[in-house]
Amino acid sequence: MGRQWMVLLLCFGLFLIGCGVQQARVFNDKYGPEQVVSRVDGMPEEGVTYYEDIQPILEKRCSACHSCYDAPCQLKLTSFEGLDRGATSLMVYNASRITADEPTRLFIDADTTVGWREKGFHPVLNERTQEPAVNRENSVLARMLALKKKNPQPEEELLPQSFDLSLAKANNCEPSESFDSFEKRYPLWGMPYALPGLTKEEHDAVLKWITDGGLSKGPKKTSPEATEIVRRWELFFNGTSPREQLVSRYIYEHLFIAHLHFEGLPHREFYRLVRSVTPPGEPVEEIPSVRPYDNPGISPFYYRLKQTPAVVVKDHTVYHLSDAKMTRYNDLFFKPAYTVPSLPSYAPDTAANPLKAFARIPARSRYRFLLDDAHFFVNGFIKGPVCRGQVALNVINDHFFVAFFDPDRDMISNDSDFLAEMSPLLALPGERENTLNIPSIWFTYSRNQKKYLKAKDDYIDRLNPDHIGNDITHIWDGDGGINDNALLTVFRHFDSATVLKGLVGQVPKTAWVVDFPLLERIHYLLVAGFDVYGNVGHQAVTRLYMDFLRMEGENNFLSFMPSDLRKEMRDGWYQGTSAEFKNHVENPLLGLSRETGITYRTLTPKNEFFEQVLARVGPVTPQHDPINRCLTKTCSSDGDTPERQAVEKALRRITGIQGKKTEVFPDVSFLRVVTPPDHDDLAYTIIKNKALSNNSFMFGEERRRRPEDDTLSIVRGHVGSYPNAFVRIGVDEVDTLADRYLKVKDEVTYYLMARRHVVRRTSPDFWDEYDWHCQTFLNAHPVEGGTFDLYRYIRIAEKEDGTLVEW
């Protein structure tokens with residue numbers, strides 16, 4: 001029987017191959033043979049041009065879903081190069097793969113169309129005979145748009161159930177040869193998928209450009225101002241002494257994911273720091289390594305600045321460079337007296353451990369470098385080099401505060417010798433790269449972490465024989481209140497998250513206090529050392545190791561609490577018999593003999609601690625949250641109009657909603673309050689904070705949910721890259737909206753509220769609302785802002801005949 005099945009499968013496979021060959025033969029006869037087309041500078045653009053006419057349409061309507069690693073079929077429409085690369089059925093997110101996949105990073109892993117075809121990408125523009133009719137008929141992009149025009153999305157309230165809007169939906173990555181079959185199976189699946197179509201003008205412009213050959217003259221040349229800035233910075237990064245080379249390597253490994261913005265250049269002009277085969281003055285030839293600390297494989301190589309041609313979207317992480325920053329680098333890394341007799345190896349056991357590789361650079365200098373831009377580095381771990389991070393992000397709570405140890409008071413963060421001695425215990429999973437021996441590796445790292453924490457505890461005891469622990473002066477104050485990176489807030493939205501400056505939202509369940517070795521390891525674990533194409537072992541060990549780092553940050557925070565309350569507080573974070581046992585084994589609560597130096601006067605020391613911290617950092621950080629932590633009658637901020645004060649008074653009522661009734665609310669809702677014509681509309685974000693009994697386990701999050709502890713936070717402006725809903729309300733109706741939110745108790749009552757105020761996917765006004773939010777965000781953040789992603793925009797559900805019917 002087994003042999004018969006094998007024969008049948010073989011015959012079926014041969015049949016499919018035969019069908020493919022026959023299909024290709026038909027297309028060859030109809031449209032000519034396949035040929036890679038050179039589209040850049042192929043001929044002068046006339047009429048409709050890519051950069052002036054087409055890219056703005058793709059940016060507004062297509063990059064909303066086709067922009068990151070999780071773009072359907074890896075079709076990235078944020079740049080001409082992404083459109084020319086095309087699509088593939090290869091999956092980036094695959095948590096079950098046994099071996100690592102070959103990376104497919106745009107602009108890095110191939111730089112020619114031929115290179116992408118060799119990696120399995122098929123064209124979405126015509127690559128057969130270059131004639132107008134063939135350009136249109138043999139383009140997947142053109143046919144997707146035509147399919148939408150032929151079968152417009154229904155404008156009724158509810159979408160047909162044939163649409164799959166789940167994150168786990170299967171991709172249908174059809175090449176032009178099989179598009180007829182796709183069109184018959186899914187007549188409503190034209191692009192934009194499950195959203196209103198393009199306007200007639202937009203549709204006609206894109207179709208004309210495709211018909212004319214889909215050509216581009218290439219991006220604008222770098223401005224003279226940028227040329228000189230790039231020259232000076234490349235000179236800085238390519239010093240020849242061992243110390244200069246080590247510092248440049250250190251900076252590169254921390255900034256490799258950054259969109260670098262230089263002071264004085266246009267808001268939307270960005271660069272990447274890369275390693276190149278070619279020296280300054282020649283075209284950049286990037287070395288495509290998986291990790292920034294991988295052996296470049298060539299000597300010498302050069303650090304170069306490469307302009308980013310893509311549209312700026314949600315994976316946008318900005319780092320600012322200026323003359324003042326170069327002076328700061330010189331002060332941090334070249335004024336201190338230290339020697340670098342030799343450069344560290346690129347062998348994984350050294351390169352993956354920053355506390356070993358860069359031990360020669362004073363720890364104080366490295367910590368100051370990280371603190372100067374703490375928001376960028378924490379944001380890097382939250383966004384990382386990926387877009388969808390649920391496997392890693394389920395290690396953190398939905399809402400928590402982050403503070404940092406003062407570099408002038410924390411001896412651990414200043415003692416280079418102690419950290420170098422500890423470096424073998426601080427090794428990271430990146431040294432193992434891709435592995436399947438998960439239990440053995442977990443045991444090794446768990447044992448090393450406990451040894452390090454014990455050595456650290458003994459070290460502190462030797463420095464403090466009187467057993468007086470941390471006080472408020474051990475918290476970094478932003479260098480006397482001039483640096484607004486001193487306090488941060490993290491909001492997690494299922495598989496994405498956002499980092500804000502300041503303390504935003506209600507006082508959360510947990511908080512972290514971070515020192516230098518912890519901050520450094522987080523970066524090398526989740527950013528420098530993480531491979532989104534890695535195998536199941538790599539991703540699992542990364543998640544498990546992050547458990548140790550989260551608990552270390554939490555325990556640092558507990559060291560500021562009264563010693564007799566620490567265990568009780570921590571037990572509240574890790575509920576459940578299994579979690580309590582796992583916590584006892586993995587997470588020793590050390591330093592209980594050291595009483596905090598803070599004198600508490602209330603029964604809520606956590607709240608009191610953050611009040612003292614806010615007072616310490618001074619006015620550079622807002623001292624209160626006018627919506628979520630209002631302790632007075634007004635709670636307004638300087639410059640607030642009476643109109644805004646009235647709106648936020650009403651919104652405070654919504655933040656009082658807690659418990660199970662919040663389950664039906666989306667993770668992230670963008671709220672637009674429409675004001676009179678001569679005023680600017682107001683933007684807010686309503687965030688659901690989902691509570692968990694513990695974060696001790698990688699899977700089964702729904703089984704650890706504690707909806708009775710859920711809360712809602714409302715923040716001014718836009719928080720999150722993936723809105724789940726757009727809520728629109730007139731300024732005179734905000735109290736009515738609050739009333740309706742307070743009445744929501746289940747899916748049906750949420751649906752009744754949402755049908756009045758939430759902009760549905762089928763609404764003719766949907767794109768107007770999306771454009772308003774994108775433009776408002778960009779106006780508020782002209783450098784850091786990017787377009788929002790609609791990949792997680794929800795359908796509103798109601799019960800009907802026992803089933804869920806959704807927008």
# chains A, B, ... in the order shown; residues from 1 in each chain; ligands from 1
call {"tool": "closest_atom_pairs", "arguments": {"of": "segment 374-461 of chain A", "to": "segment 508-521 of chain A", "cutoff": "8 Å", "atoms": "only C-alpha atoms", "output": "JSON lines"}}
result
{"residue": "A:Asn397", "atom": "CA", "partner": "A:Thr510", "partner_atom": "CA", "distance": 7.8}
{"residue": "A:His399", "atom": "CA", "partner": "A:Pro508", "partner_atom": "CA", "distance": 6.2}
{"residue": "A:Phe400", "atom": "CA", "partner": "A:Ala511", "partner_atom": "CA", "distance": 5.1}
{"residue": "A:Phe401", "atom": "CA", "partner": "A:Ala511", "partner_atom": "CA", "distance": 4.7}
{"residue": "A:Val402", "atom": "CA", "partner": "A:Trp512", "partner_atom": "CA", "distance": 4.9}
{"residue": "A:Ala403", "atom": "CA", "partner": "A:Val513", "partner_atom": "CA", "distance": 4.8}
{"residue": "A:Phe404", "atom": "CA", "partner": "A:Val514", "partner_atom": "CA", "distance": 4.7}
{"residue": "A:Phe405", "atom": "CA", "partner": "A:Asp515", "partner_atom": "CA", "distance": 5.3}
{"residue": "A:Asp410", "atom": "CA", "partner": "A:Asp515", "partner_atom": "CA", "distance": 7.8}
{"residue": "A:Ile412", "atom": "CA", "partner": "A:Phe516", "partner_atom": "CA", "distance": 7.8}
{"residue": "A:Ser413", "atom": "CA", "partner": "A:Phe516", "partner_atom": "CA", "distance": 5.0}
{"residue": "A:Leu419", "atom": "CA", "partner": "A:Pro517", "partner_atom": "CA", "distance": 7.8}
{"residue": "A:Leu426", "atom": "CA", "partner": "A:Arg521", "partner_atom": "CA", "distance": 7.9}
{"residue": "A:Leu428", "atom": "CA", "partner": "A:Arg521", "partner_atom": "CA", "distance": 7.5}
call {"tool": "write_last_selection", "arguments": {"atoms": "N, CA, C and O atoms", "output": "compact mmCIF listing (two decimals), in the first residue's frame"}}
result
# COMPACT_ATOMS: atom_id res chain seq x y z
N ASN A 397 5.26 42.24 29.55
CA ASN A 397 3.89 42.62 29.87
C ASN A 397 3.38 43.65 28.87
O ASN A 397 4.15 44.29 28.15
N HIS A 399 2.17 46.51 29.45
CA HIS A 399 2.41 47.91 29.81
C HIS A 399 3.38 47.92 30.99
O HIS A 399 3.13 47.29 32.01
N PHE A 400 4.52 48.60 30.84
CA PHE A 400 5.44 48.73 31.97
C PHE A 400 6.33 49.94 31.76
O PHE A 400 6.47 50.46 30.65
N PHE A 401 6.91 50.42 32.87
CA PHE A 401 7.82 51.56 32.86
C PHE A 401 9.27 51.06 32.88
O PHE A 401 9.56 49.98 33.41
N VAL A 402 10.17 51.89 32.34
CA VAL A 402 11.60 51.57 32.32
C VAL A 402 12.38 52.77 32.84
O VAL A 402 12.17 53.90 32.38
N ALA A 403 13.25 52.53 33.81
CA ALA A 403 14.20 53.54 34.29
C ALA A 403 15.61 52.93 34.22
O ALA A 403 15.76 51.72 33.97
N PHE A 404 16.62 53.74 34.45
CA PHE A 404 18.00 53.29 34.30
C PHE A 404 18.82 53.66 35.53
O PHE A 404 18.58 54.68 36.17
N PHE A 405 19.80 52.82 35.83
CA PHE A 405 20.73 53.15 36.91
C PHE A 405 21.60 54.33 36.50
O PHE A 405 22.05 54.43 35.35
N ASP A 410 26.11 53.79 39.89
CA ASP A 410 26.06 52.33 39.77
C ASP A 410 27.44 51.78 39.46
O ASP A 410 27.96 51.95 38.35
N ILE A 412 28.50 48.69 39.15
CA ILE A 412 28.52 47.59 38.19
C ILE A 412 28.71 48.13 36.77
O ILE A 412 29.49 47.60 35.97
N SER A 413 27.97 49.20 36.45
CA SER A 413 28.01 49.75 35.10
C SER A 413 29.29 50.52 34.81
O SER A 413 29.50 50.94 33.66
N LEU A 419 33.15 43.45 34.85
CA LEU A 419 32.34 42.98 33.72
C LEU A 419 33.15 42.07 32.80
O LEU A 419 32.61 41.09 32.27
N LEU A 426 28.07 35.83 30.82
CA LEU A 426 27.11 36.68 30.14
C LEU A 426 27.04 36.39 28.65
O LEU A 426 26.58 37.23 27.87
N LEU A 428 25.72 34.97 25.13
CA LEU A 428 24.36 35.06 24.59
C LEU A 428 24.11 33.96 23.56
O LEU A 428 25.05 33.42 22.96
call {"tool": "residues_around", "arguments": {"residues": "Lys306 of chain A", "least_positions_apart": "6", "cutoff": "9 Å", "atoms": "only C-alpha atoms", "output": "MDAnalysis selection string"}}
result
chainID A and resid 270:274 284 286
call {"tool": "residues_around", "arguments": {"residues": "Gln623 of chain A", "least_positions_apart": "5", "cutoff": "8 Å", "atoms": "only C-alpha atoms", "output": "JSON, numbers by chain"}}
result
{"A": [614, 615, 618]}
call {"tool": "atom_distance", "arguments": {"atom1": "atom CA of Ile522 of chain A", "atom2": "atom CA of Ile382 of chain A"}}
result
10.1 Å
call {"tool": "residues_around", "arguments": {"residues": "Phe27 of chain A", "least_positions_apart": "4", "cutoff": "12 Å", "atoms": "only C-alpha atoms", "output": "VMD selection string"}}
result
chain A and resid 20 to 23 31 to 34 126 to 129 134 137 to 138 175 to 179
call {"tool": "closest_atom_pairs", "arguments": {"of": "segment 149-170 of chain A", "to": "segment 62-80 of chain A", "cutoff": "12 Å", "atoms": "only C-alpha atoms", "output": "Markdown table"}}
result
| residue | atom | partner | partner_atom | distance |
| --- | --- | --- | --- | --- |
| A:Leu165 | CA | A:Pro72 | CA | 11.8 |
| A:Leu167 | CA | A:Asp70 | CA | 9.2 |
| A:Ala168 | CA | A:Asp70 | CA | 10.5 |
| A:Lys169 | CA | A:Pro72 | CA | 9.6 |
| A:Ala170 | CA | A:Pro72 | CA | 9.0 |
call {"tool": "write_last_selection", "arguments": {"atoms": "N, CA, C and O atoms", "output": "compact mmCIF listing (two decimals), in the first residue's frame"}}
result
# COMPACT_ATOMS: atom_id res chain seq x y z
N LEU A 165 -8.95 37.55 6.96
CA LEU A 165 -8.17 38.65 7.50
C LEU A 165 -7.32 38.24 8.70
O LEU A 165 -6.83 39.09 9.44
N LEU A 167 -4.02 36.81 10.75
CA LEU A 167 -2.58 36.92 10.56
C LEU A 167 -1.99 35.65 9.97
O LEU A 167 -0.95 35.68 9.30
N ALA A 168 -2.67 34.53 10.20
CA ALA A 168 -2.15 33.24 9.74
C ALA A 168 -2.69 32.85 8.37
O ALA A 168 -2.53 31.71 7.95
N LYS A 169 -3.33 33.77 7.69
CA LYS A 169 -3.93 33.40 6.39
C LYS A 169 -2.85 32.98 5.40
O LYS A 169 -1.71 33.46 5.43
N ALA A 170 -3.24 32.06 4.53
CA ALA A 170 -2.30 31.58 3.53
C ALA A 170 -2.09 32.64 2.46
O ALA A 170 -3.02 33.33 2.05
call {"tool": "atom_distance", "arguments": {"atom1": "atom CA of Trp476 of chain A", "atom2": "atom CA of Thr599 of chain A"}}
result
18.6 Å
call {"tool": "select_by_dssp", "arguments": {"residues": "segment 131-175 of chain A", "states": "alpha helix (DSSP H)", "output": "ChimeraX atom specification"}}
result
/A:132-137,140-150
call {"tool": "residues_around", "arguments": {"residues": "segment 96-110 of chain A", "least_positions_apart": "4", "cutoff": "7 Å", "atoms": "only C-alpha atoms", "output": "list of chain:residue names"}}
result
A:Gly82, A:Gly115, A:Trp116, A:Glu286, A:Pro288, A:Asn434, A:Tyr533, A:Gly534, A:Asn535, A:Val536
call {"tool": "write_last_selection", "arguments": {"atoms": "N, CA and C atoms", "output": "CSV table (one decimal), in the first residue's frame"}}
result
chain,number,residue,atom,x,y,z
A,82,GLY,N,11.7,47.2,-4.7
A,82,GLY,CA,10.9,46.1,-4.2
A,82,GLY,C,9.8,45.7,-5.2
A,115,GLY,N,19.5,38.4,-9.6
A,115,GLY,CA,19.8,37.8,-8.3
A,115,GLY,C,18.5,37.4,-7.6
A,116,TRP,N,17.5,38.2,-7.7
A,116,TRP,CA,16.2,37.9,-7.0
A,116,TRP,C,15.5,36.8,-7.7
A,286,GLU,N,27.8,46.7,-0.4
A,286,GLU,CA,27.5,46.2,1.0
A,286,GLU,C,27.8,44.7,1.1
A,288,PRO,N,26.8,41.4,2.7
A,288,PRO,CA,25.5,41.0,3.2
A,288,PRO,C,25.6,39.9,4.3
A,434,ASN,N,22.3,28.7,15.0
A,434,ASN,CA,21.1,27.9,14.9
A,434,ASN,C,21.3,26.5,15.5
A,533,TYR,N,15.2,34.8,10.1
A,533,TYR,CA,15.2,33.6,9.2
A,533,TYR,C,15.8,32.3,9.9
A,534,GLY,N,16.1,32.5,11.2
A,534,GLY,CA,16.7,31.4,12.0
A,534,GLY,C,15.7,30.2,12.2
A,535,ASN,N,16.3,29.1,12.7
A,535,ASN,CA,15.5,27.9,12.9
A,535,ASN,C,14.7,28.0,14.2
A,536,VAL,N,13.9,27.0,14.5
A,536,VAL,CA,13.1,26.9,15.7
A,536,VAL,C,13.9,27.0,16.9
call {"tool": "residues_around", "arguments": {"residues": "Phe766 of chain A", "least_positions_apart": "4", "cutoff": "10 Å", "atoms": "only C-alpha atoms", "output": "list in words"}}
result
Leu195, Pro196, Phe726, Val759, Arg760, Arg761, Thr762, Tyr770 and Asp771 of chain A
call {"tool": "decode", "arguments": {"residues": "segment 315-348 of chain A", "atoms": "N, CA, C and O atoms", "output": "short mmCIF file (atom, residue, chain, number, x, y, z; two decimals), in the first residue's frame"}}
result
data_model
loop_
_atom_site.label_atom_id
_atom_site.label_comp_id
_atom_site.auth_asym_id
_atom_site.auth_seq_id
_atom_site.Cartn_x
_atom_site.Cartn_y
_atom_site.Cartn_z
N ASP A 315 8.71 50.13 10.27
CA ASP A 315 9.96 49.63 10.81
C ASP A 315 11.02 50.73 10.89
O ASP A 315 12.20 50.45 11.03
N HIS A 316 10.57 51.96 10.85
CA HIS A 316 11.42 53.14 10.83
C HIS A 316 11.95 53.42 12.24
O HIS A 316 11.18 53.67 13.16
N THR A 317 13.27 53.34 12.42
CA THR A 317 13.89 53.61 13.71
C THR A 317 15.01 54.61 13.48
O THR A 317 16.03 54.28 12.88
N VAL A 318 14.82 55.84 13.96
CA VAL A 318 15.70 56.95 13.60
C VAL A 318 16.77 57.16 14.66
O VAL A 318 16.50 57.11 15.86
N TYR A 319 17.99 57.40 14.18
CA TYR A 319 19.09 57.80 15.05
C TYR A 319 19.68 59.07 14.44
O TYR A 319 19.98 59.12 13.25
N HIS A 320 19.87 60.10 15.26
CA HIS A 320 20.28 61.41 14.77
C HIS A 320 21.80 61.57 14.90
O HIS A 320 22.39 61.28 15.94
N LEU A 321 22.41 62.05 13.82
CA LEU A 321 23.84 62.35 13.81
C LEU A 321 24.04 63.83 13.49
O LEU A 321 23.31 64.40 12.67
N SER A 322 25.03 64.41 14.13
CA SER A 322 25.28 65.85 13.98
C SER A 322 26.73 66.12 14.37
O SER A 322 27.46 65.23 14.84
N ASP A 323 27.14 67.35 14.21
CA ASP A 323 28.48 67.74 14.68
C ASP A 323 28.60 67.53 16.18
O ASP A 323 29.65 67.09 16.68
N ALA A 324 27.53 67.86 16.91
CA ALA A 324 27.55 67.67 18.37
C ALA A 324 27.70 66.19 18.72
O ALA A 324 28.39 65.84 19.69
N LYS A 325 27.09 65.31 17.93
CA LYS A 325 27.20 63.87 18.21
C LYS A 325 28.63 63.39 17.95
O LYS A 325 29.16 62.56 18.71
N MET A 326 29.26 63.91 16.91
CA MET A 326 30.64 63.51 16.65
C MET A 326 31.55 63.95 17.79
O MET A 326 32.45 63.20 18.22
N THR A 327 31.31 65.17 18.30
CA THR A 327 32.07 65.63 19.46
C THR A 327 31.82 64.73 20.67
O THR A 327 32.76 64.39 21.41
N ARG A 328 30.57 64.32 20.86
CA ARG A 328 30.24 63.42 21.96
C ARG A 328 30.97 62.09 21.82
O ARG A 328 31.50 61.55 22.80
N TYR A 329 31.00 61.54 20.62
CA TYR A 329 31.72 60.29 20.40
C TYR A 329 33.20 60.44 20.76
O TYR A 329 33.80 59.54 21.38
N ASN A 330 33.79 61.54 20.36
CA ASN A 330 35.20 61.77 20.69
C ASN A 330 35.42 61.85 22.19
O ASN A 330 36.38 61.30 22.73
N ASP A 331 34.49 62.53 22.89
CA ASP A 331 34.60 62.64 24.34
C ASP A 331 34.46 61.29 25.02
O ASP A 331 35.16 60.98 25.99
N LEU A 332 33.53 60.46 24.52
CA LEU A 332 33.27 59.18 25.16
C LEU A 332 34.36 58.15 24.87
O LEU A 332 34.78 57.41 25.77
N PHE A 333 34.80 58.09 23.63
CA PHE A 333 35.62 56.95 23.21
C PHE A 333 37.11 57.26 23.01
O PHE A 333 37.92 56.33 23.00
N PHE A 334 37.48 58.53 22.85
CA PHE A 334 38.88 58.82 22.54
C PHE A 334 39.58 59.68 23.59
O PHE A 334 40.81 59.70 23.64
N LYS A 335 38.83 60.36 24.44
CA LYS A 335 39.47 61.11 25.52
C LYS A 335 39.93 60.22 26.66
O LYS A 335 41.01 60.44 27.23
N PRO A 336 39.15 59.19 27.06
CA PRO A 336 39.62 58.32 28.14
C PRO A 336 40.92 57.61 27.75
O PRO A 336 41.15 57.30 26.57
N ALA A 337 41.75 57.35 28.72
CA ALA A 337 43.02 56.68 28.47
C ALA A 337 42.84 55.16 28.54
O ALA A 337 42.53 54.62 29.60
N TYR A 338 42.98 54.50 27.42
CA TYR A 338 42.97 53.04 27.38
C TYR A 338 43.66 52.60 26.10
O TYR A 338 43.80 53.37 25.14
N THR A 339 44.12 51.39 26.08
CA THR A 339 44.84 50.86 24.91
C THR A 339 44.08 49.70 24.31
O THR A 339 43.33 48.99 25.00
N VAL A 340 44.30 49.49 23.02
CA VAL A 340 43.71 48.36 22.31
C VAL A 340 44.87 47.65 21.60
O VAL A 340 45.21 47.97 20.46
N PRO A 341 45.52 46.71 22.27
CA PRO A 341 46.69 46.05 21.67
C PRO A 341 46.34 45.20 20.46
O PRO A 341 47.17 45.02 19.57
N SER A 342 45.10 44.66 20.43
CA SER A 342 44.68 43.84 19.29
C SER A 342 43.16 43.89 19.19
O SER A 342 42.47 44.18 20.18
N LEU A 343 42.66 43.60 18.02
CA LEU A 343 41.22 43.63 17.79
C LEU A 343 40.60 42.28 18.14
O LEU A 343 41.23 41.23 17.94
N PRO A 344 39.36 42.28 18.65
CA PRO A 344 38.72 41.02 19.01
C PRO A 344 38.39 40.19 17.77
O PRO A 344 38.22 40.70 16.67
N SER A 345 38.30 38.90 18.01
CA SER A 345 37.98 37.95 16.94
C SER A 345 36.53 38.10 16.49
O SER A 345 35.68 38.61 17.24
N TYR A 346 36.24 37.63 15.27
CA TYR A 346 34.86 37.51 14.81
C TYR A 346 34.30 36.12 15.06
O TYR A 346 33.20 35.81 14.61
N ALA A 347 35.02 35.29 15.77
CA ALA A 347 34.50 33.97 16.13
C ALA A 347 33.25 34.15 16.99
O ALA A 347 33.20 35.04 17.85
N PRO A 348 32.21 33.34 16.78
CA PRO A 348 30.93 33.56 17.47
C PRO A 348 31.04 33.65 18.98
O PRO A 348 30.33 34.44 19.61
#
